[in-house]
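Heads up, the thing below is written out as structure tokens.
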Amino acid sequence: MDTNSEIEKKIMTEIESGRVKLKSKYIFWAEKFGVSSAFVVTVLLAILFFNLVLFYLKSSDNLAYLSFGNSGVFAFLESFPYLLVVAFIIFILLAGTIIVKSDFAYKSPFGFLALAIVGVVIVCGIVLTYTGVAEKIEQETFESRPSGFLFKPFLSRGLEARHNGIVGRIIEIGDSNITIQTPRGSEKIILTNESLLPTEPLSEGIFIVALGSRDDGNFTVSKLRIINPEEIQMIRRGVHRRFGQFQFHVIKSGGCKFLPSSTIIQVTSSCF
Amino acid sequence: MNFDQFTDEQLIVQVRENDKEKYAEIIRRYQIKLTHYLRKFIRNHDELEDVLQEIFIRTYRNLFAFDTDKKFSPWIYRIAHNQAINHIKKNKKGSISLDEYEWEIVDEKMDLKKDIDIGLAKTKIEKGLSTLKIKYREPLILYFFEQKSYEEISDILHIPISTVGTLISRGKNALKEFLEKK
């Protein structure tokens, strides 16, 4: 007991002399505010990145390759948004870590909290797809606005050239090749006797998705099919940004000529 | 001066409002309890005294971090727990020292009489507790010797109440197994 009294004396002397002081309440407020803000920001970023993953899958060429079945798996894996998925997982883990390290949720089992965070992120991410936020980010990113700069590394993959697949708009059909417009520019793709083509006739202005391989910059088609541009909106917008809308120019002979320019002249029924 | 009419939480509010002397009452209220608790982790008397002093100083410095709507006891035990863990990590000593009567608490709560030689009970239980992993040892000590409820243990260790139950149950089984083996 004497020892204890001694401790009491020692501590009280330290306190009364001012050598041991109370830390300011503002430090703790700032700490609490900092942790809460970090948690909220992390969860919001997880929601945003989950939304971007959904957006990428829905609007890039990624899922279109799977329509070829097993043969499209390589092109699918090549165009998969790994960076977006990794960022999403990192933000989820970060949110979990903040919860574990902070004091505000230790009473609930971590499994339950983790499930709740993932659930909230998924639901909010899905809801966010109806707001058009991702389209706005895509626009800002590819129109090189400063606000889109941060997302460029994540979304640019959606418009990159693939080794095993290609998507674009036909502008010219030759005997053994087709010229297509892609978000990166015009490209000639080579058709061979082994190329599997759709039964519907190919025509200028339609979008196609093709599997094949790229050697020395030339893409040789193994399988090709027509695709509704609504299924690959990111590619469609990329092509439009680069080449403008698809237009027909009425020529005197009564036929049509495709113009990759932005000047619209006239569209008549004879063009379709 | 008689402070009996004040709860811990009321005293803390007054200390925070610059009534520093009232912190002495907090020290008086907790020094024996915390000494008792720390003895389960620290055998050396001088080391224990240093750790106890550090706990009270840390508690004082961080008083504004305490939420006065909650109970003070789990909060100061939480600080003591962190200091005890730091001490164990630094010193790598896991030995436990029970008071004379404390082995009987374990005996009573675990019904060991049939399995254990009474004469050796205290030493065996001390050894048994020392061999337990810290995650089992901590809740067992708080539950057996500090008479803390599951909720208080949850607040001290910052784990869910359901986990407290699981850890105590597993700790008991591990301890019983150890005592039966020897």
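Every chain in the structure tokens takes a letter, A first, then B, and so on in the order presented; its residues are numbered from 1, and the ligands are numbered from 1 following the presented order.
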Interface residues on chain B facing chain A, 8 Å, only C-alpha atoms, written as a PDB file with N, CA and C atoms, in the first residue's frame:
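Result went into result_1.pdb, see below:
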```pdb
ATOM      1  N   ARG B  16     -10.762  16.931 -16.169  1.00  0.00           N
ATOM      2  CA  ARG B  16     -10.616  17.569 -17.489  1.00  0.00           C
ATOM      3  C   ARG B  16     -10.897  19.063 -17.421  1.00  0.00           C
ATOM      4  N   LYS B  20      -7.191  19.134 -11.266  1.00  0.00           N
ATOM      5  CA  LYS B  20      -6.187  18.067 -11.375  1.00  0.00           C
ATOM      6  C   LYS B  20      -6.117  17.167 -10.140  1.00  0.00           C
ATOM      7  N   GLU B  21      -6.343  17.765  -8.962  1.00  0.00           N
ATOM      8  CA  GLU B  21      -6.163  17.011  -7.715  1.00  0.00           C
ATOM      9  C   GLU B  21      -7.057  15.768  -7.671  1.00  0.00           C
ATOM     10  N   TYR B  23      -7.535  13.690  -9.764  1.00  0.00           N
ATOM     11  CA  TYR B  23      -6.951  12.520 -10.431  1.00  0.00           C
ATOM     12  C   TYR B  23      -6.332  11.573  -9.385  1.00  0.00           C
ATOM     13  N   ALA B  24      -5.924  12.140  -8.241  1.00  0.00           N
ATOM     14  CA  ALA B  24      -5.364  11.320  -7.163  1.00  0.00           C
ATOM     15  C   ALA B  24      -6.391  10.271  -6.712  1.00  0.00           C
ATOM     16  N   ILE B  27      -6.397   7.456  -9.100  1.00  0.00           N
ATOM     17  CA  ILE B  27      -5.231   6.588  -8.841  1.00  0.00           C
ATOM     18  C   ILE B  27      -5.539   5.677  -7.647  1.00  0.00           C
ATOM     19  N   ARG B  28      -6.095   6.272  -6.587  1.00  0.00           N
ATOM     20  CA  ARG B  28      -6.409   5.478  -5.382  1.00  0.00           C
ATOM     21  C   ARG B  28      -7.408   4.366  -5.712  1.00  0.00           C
ATOM     22  N   GLN B  31      -5.324   1.740  -8.282  1.00  0.00           N
ATOM     23  CA  GLN B  31      -3.950   1.238  -8.153  1.00  0.00           C
ATOM     24  C   GLN B  31      -3.905  -0.227  -7.683  1.00  0.00           C
ATOM     25  N   ILE B  32      -4.767  -0.595  -6.764  1.00  0.00           N
ATOM     26  CA  ILE B  32      -4.735  -1.983  -6.274  1.00  0.00           C
ATOM     27  C   ILE B  32      -5.269  -2.938  -7.352  1.00  0.00           C
ATOM     28  N   GLU B  49       5.875  -1.802 -11.037  1.00  0.00           N
ATOM     29  CA  GLU B  49       5.660  -0.437 -10.555  1.00  0.00           C
ATOM     30  C   GLU B  49       5.840   0.581 -11.699  1.00  0.00           C
ATOM     31  N   GLN B  53       2.929   2.977 -13.205  1.00  0.00           N
ATOM     32  CA  GLN B  53       3.110   4.436 -13.265  1.00  0.00           C
ATOM     33  C   GLN B  53       2.853   4.940 -14.698  1.00  0.00           C
ATOM     34  N   PHE B  56      -0.903   5.107 -15.464  1.00  0.00           N
ATOM     35  CA  PHE B  56      -1.611   6.271 -14.910  1.00  0.00           C
ATOM     36  C   PHE B  56      -1.236   7.566 -15.646  1.00  0.00           C
ATOM     37  N   ILE B  57       0.016   7.655 -16.069  1.00  0.00           N
ATOM     38  CA  ILE B  57       0.429   8.861 -16.803  1.00  0.00           C
ATOM     39  C   ILE B  57      -0.235   8.904 -18.178  1.00  0.00           C
ATOM     40  N   TYR B  60      -3.864   9.766 -17.825  1.00  0.00           N
ATOM     41  CA  TYR B  60      -4.069  11.204 -17.574  1.00  0.00           C
ATOM     42  C   TYR B  60      -3.923  12.002 -18.874  1.00  0.00           C
ATOM     43  N   ARG B  61      -2.823  11.716 -19.589  1.00  0.00           N
ATOM     44  CA  ARG B  61      -2.568  12.475 -20.823  1.00  0.00           C
ATOM     45  C   ARG B  61      -3.717  12.353 -21.822  1.00  0.00           C
ATOM     46  N   ASN B  62      -4.314  11.157 -21.857  1.00  0.00           N
ATOM     47  CA  ASN B  62      -5.339  10.885 -22.881  1.00  0.00           C
ATOM     48  C   ASN B  62      -6.766  11.018 -22.365  1.00  0.00           C
ATOM     49  N   LEU B  63      -6.949  11.724 -21.257  1.00  0.00           N
ATOM     50  CA  LEU B  63      -8.295  11.785 -20.665  1.00  0.00           C
ATOM     51  C   LEU B  63      -9.347  12.335 -21.629  1.00  0.00           C
ATOM     52  N   PHE B  64      -8.937  13.217 -22.539  1.00  0.00           N
ATOM     53  CA  PHE B  64      -9.930  13.775 -23.475  1.00  0.00           C
ATOM     54  C   PHE B  64     -10.355  12.759 -24.537  1.00  0.00           C
ATOM     55  N   ALA B  65      -9.607  11.662 -24.609  1.00  0.00           N
ATOM     56  CA  ALA B  65     -10.009  10.611 -25.565  1.00  0.00           C
ATOM     57  C   ALA B  65     -11.113   9.743 -24.978  1.00  0.00           C
ATOM     58  N   SER B 154     -14.959  -7.432 -23.528  1.00  0.00           N
ATOM     59  CA  SER B 154     -15.065  -7.010 -24.926  1.00  0.00           C
ATOM     60  C   SER B 154     -14.551  -5.572 -25.087  1.00  0.00           C
ATOM     61  N   ASP B 155     -14.903  -4.701 -24.125  1.00  0.00           N
ATOM     62  CA  ASP B 155     -14.451  -3.309 -24.188  1.00  0.00           C
ATOM     63  C   ASP B 155     -12.954  -3.177 -23.932  1.00  0.00           C
ATOM     64  N   HIS B 158     -11.178  -5.042 -26.971  1.00  0.00           N
ATOM     65  CA  HIS B 158     -11.688  -4.596 -28.276  1.00  0.00           C
ATOM     66  C   HIS B 158     -11.949  -5.774 -29.219  1.00  0.00           C
ATOM     67  N   ILE B 159     -12.698  -6.705 -28.699  1.00  0.00           N
ATOM     68  CA  ILE B 159     -13.140  -7.836 -29.520  1.00  0.00           C
ATOM     69  C   ILE B 159     -14.637  -8.021 -29.300  1.00  0.00           C
ATOM     70  N   PRO B 160     -15.356  -8.643 -30.263  1.00  0.00           N
ATOM     71  CA  PRO B 160     -16.798  -8.827 -30.076  1.00  0.00           C
ATOM     72  C   PRO B 160     -17.099  -9.722 -28.870  1.00  0.00           C
ATOM     73  N   ILE B 161     -18.278  -9.519 -28.266  1.00  0.00           N
ATOM     74  CA  ILE B 161     -18.657 -10.299 -27.078  1.00  0.00           C
ATOM     75  C   ILE B 161     -18.669 -11.798 -27.391  1.00  0.00           C
ATOM     76  N   SER B 162     -19.166 -12.140 -28.581  1.00  0.00           N
ATOM     77  CA  SER B 162     -19.212 -13.560 -28.935  1.00  0.00           C
ATOM     78  C   SER B 162     -17.799 -14.164 -28.964  1.00  0.00           C
ATOM     79  N   THR B 163     -16.826 -13.361 -29.402  1.00  0.00           N
ATOM     80  CA  THR B 163     -15.439 -13.843 -29.453  1.00  0.00           C
ATOM     81  C   THR B 163     -14.887 -14.028 -28.035  1.00  0.00           C
TER      82      THR B 163
END
```
Set the distance at 10 Å and use only C-alpha atoms: which residues neighbour Ala87 in chain A once local chain neighbours fewer than 6 positions away are removed? I'd like the list as a PDB file with N, CA and C atoms, in the first residue's frame.
```pdb
ATOM      1  N   LEU A  45     -14.441   5.414 -52.580  1.00  0.00           N
ATOM      2  CA  LEU A  45     -13.565   5.028 -53.695  1.00  0.00           C
ATOM      3  C   LEU A  45     -13.808   3.571 -54.099  1.00  0.00           C
ATOM      4  N   ALA A  46     -14.047   2.714 -53.088  1.00  0.00           N
ATOM      5  CA  ALA A  46     -14.348   1.307 -53.401  1.00  0.00           C
ATOM      6  C   ALA A  46     -15.624   1.236 -54.243  1.00  0.00           C
ATOM      7  N   PHE A  49     -14.837   2.528 -57.786  1.00  0.00           N
ATOM      8  CA  PHE A  49     -14.053   1.585 -58.588  1.00  0.00           C
ATOM      9  C   PHE A  49     -14.858   0.338 -58.939  1.00  0.00           C
ATOM     10  N   PHE A  50     -15.745  -0.071 -58.034  1.00  0.00           N
ATOM     11  CA  PHE A  50     -16.607  -1.200 -58.378  1.00  0.00           C
ATOM     12  C   PHE A  50     -17.516  -0.805 -59.547  1.00  0.00           C
ATOM     13  N   VAL A  53     -15.559  -0.898 -62.664  1.00  0.00           N
ATOM     14  CA  VAL A  53     -15.351  -2.275 -63.144  1.00  0.00           C
ATOM     15  C   VAL A  53     -16.585  -2.720 -63.935  1.00  0.00           C
ATOM     16  N   LEU A  93     -10.012  -3.682 -48.818  1.00  0.00           N
ATOM     17  CA  LEU A  93      -9.120  -4.128 -47.734  1.00  0.00           C
ATOM     18  C   LEU A  93      -8.760  -2.966 -46.811  1.00  0.00           C
ATOM     19  N   PHE A 154      -6.461   3.540 -65.483  1.00  0.00           N
ATOM     20  CA  PHE A 154      -7.444   2.491 -65.235  1.00  0.00           C
ATOM     21  C   PHE A 154      -8.332   2.237 -66.454  1.00  0.00           C
TER      22      PHE A 154
END
```
**OP:** Write down as an MDAnalysis selection string the residues belonging to range 40-219 of chain A that are assigned strand (DSSP E) by DSSP computed on the backbone.
**Re:** chainID A and resid 165:173 177:182 185:190 207:215 218:219
**OP:** Mind checking which residues fall within 12 Å of Ile89 in chain A, counting only C-alpha atoms, ignoring those fewer than 6 positions away in the same chain, and posting them as a list in words?
**Re:** Thr42, Val43, Leu45, Ala46, Ile47, Leu48, Phe49, Phe50, Val53, Tyr82, Leu83, Ala95, Gly96, Ile117, Val118, Val121 and Ile122 of chain A
Subject >> Distance of CA of Gly205 in chain A from CA of Leu57 in chain A, expressed in Å to one decimal place >> reply: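 Separation of CA of Leu57 in chain A and CA of Gly205 in chain A: 23.7 Å.
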Subject >> Non-local contacts of Leu66 in chain A (12 Å; only C-alpha atoms; under 3 positions in same chain excluded) as a ChimeraX atom specification >> reply: /A:57,61-63,69-80,165,209-211,225
Print the selection's residues with C-alpha atoms to a file, as a short mmCIF file (atom, residue, chain, number, x, y, z; two decimals), in the first residue's frame.
```
data_model
loop_
_atom_site.label_atom_id
_atom_site.label_comp_id
_atom_site.auth_asym_id
_atom_site.auth_seq_id
_atom_site.Cartn_x
_atom_site.Cartn_y
_atom_site.Cartn_z
CA LEU A 57 -17.18 -4.87 -68.45
CA ASP A 61 -14.87 -5.08 -75.81
CA ASN A 62 -14.02 -7.34 -72.87
CA LEU A 63 -17.23 -9.41 -72.63
CA GLY A 69 -17.12 -19.28 -76.62
CA ASN A 70 -13.90 -20.90 -75.45
CA SER A 71 -11.85 -19.42 -78.26
CA GLY A 72 -12.57 -15.93 -76.94
CA VAL A 73 -11.15 -16.57 -73.48
CA PHE A 74 -7.62 -15.35 -74.29
CA ALA A 75 -8.90 -12.08 -75.74
CA PHE A 76 -11.23 -11.74 -72.73
CA LEU A 77 -8.33 -12.24 -70.30
CA GLU A 78 -6.15 -9.87 -72.32
CA SER A 79 -8.72 -7.10 -72.14
CA PHE A 80 -9.78 -7.73 -68.52
CA GLY A 165 -8.93 -9.60 -80.52
CA VAL A 209 -15.65 -7.91 -83.20
CA ALA A 210 -12.98 -10.34 -84.30
CA LEU A 211 -10.67 -12.93 -82.83
CA ARG A 225 -19.04 -11.39 -86.04
#
```
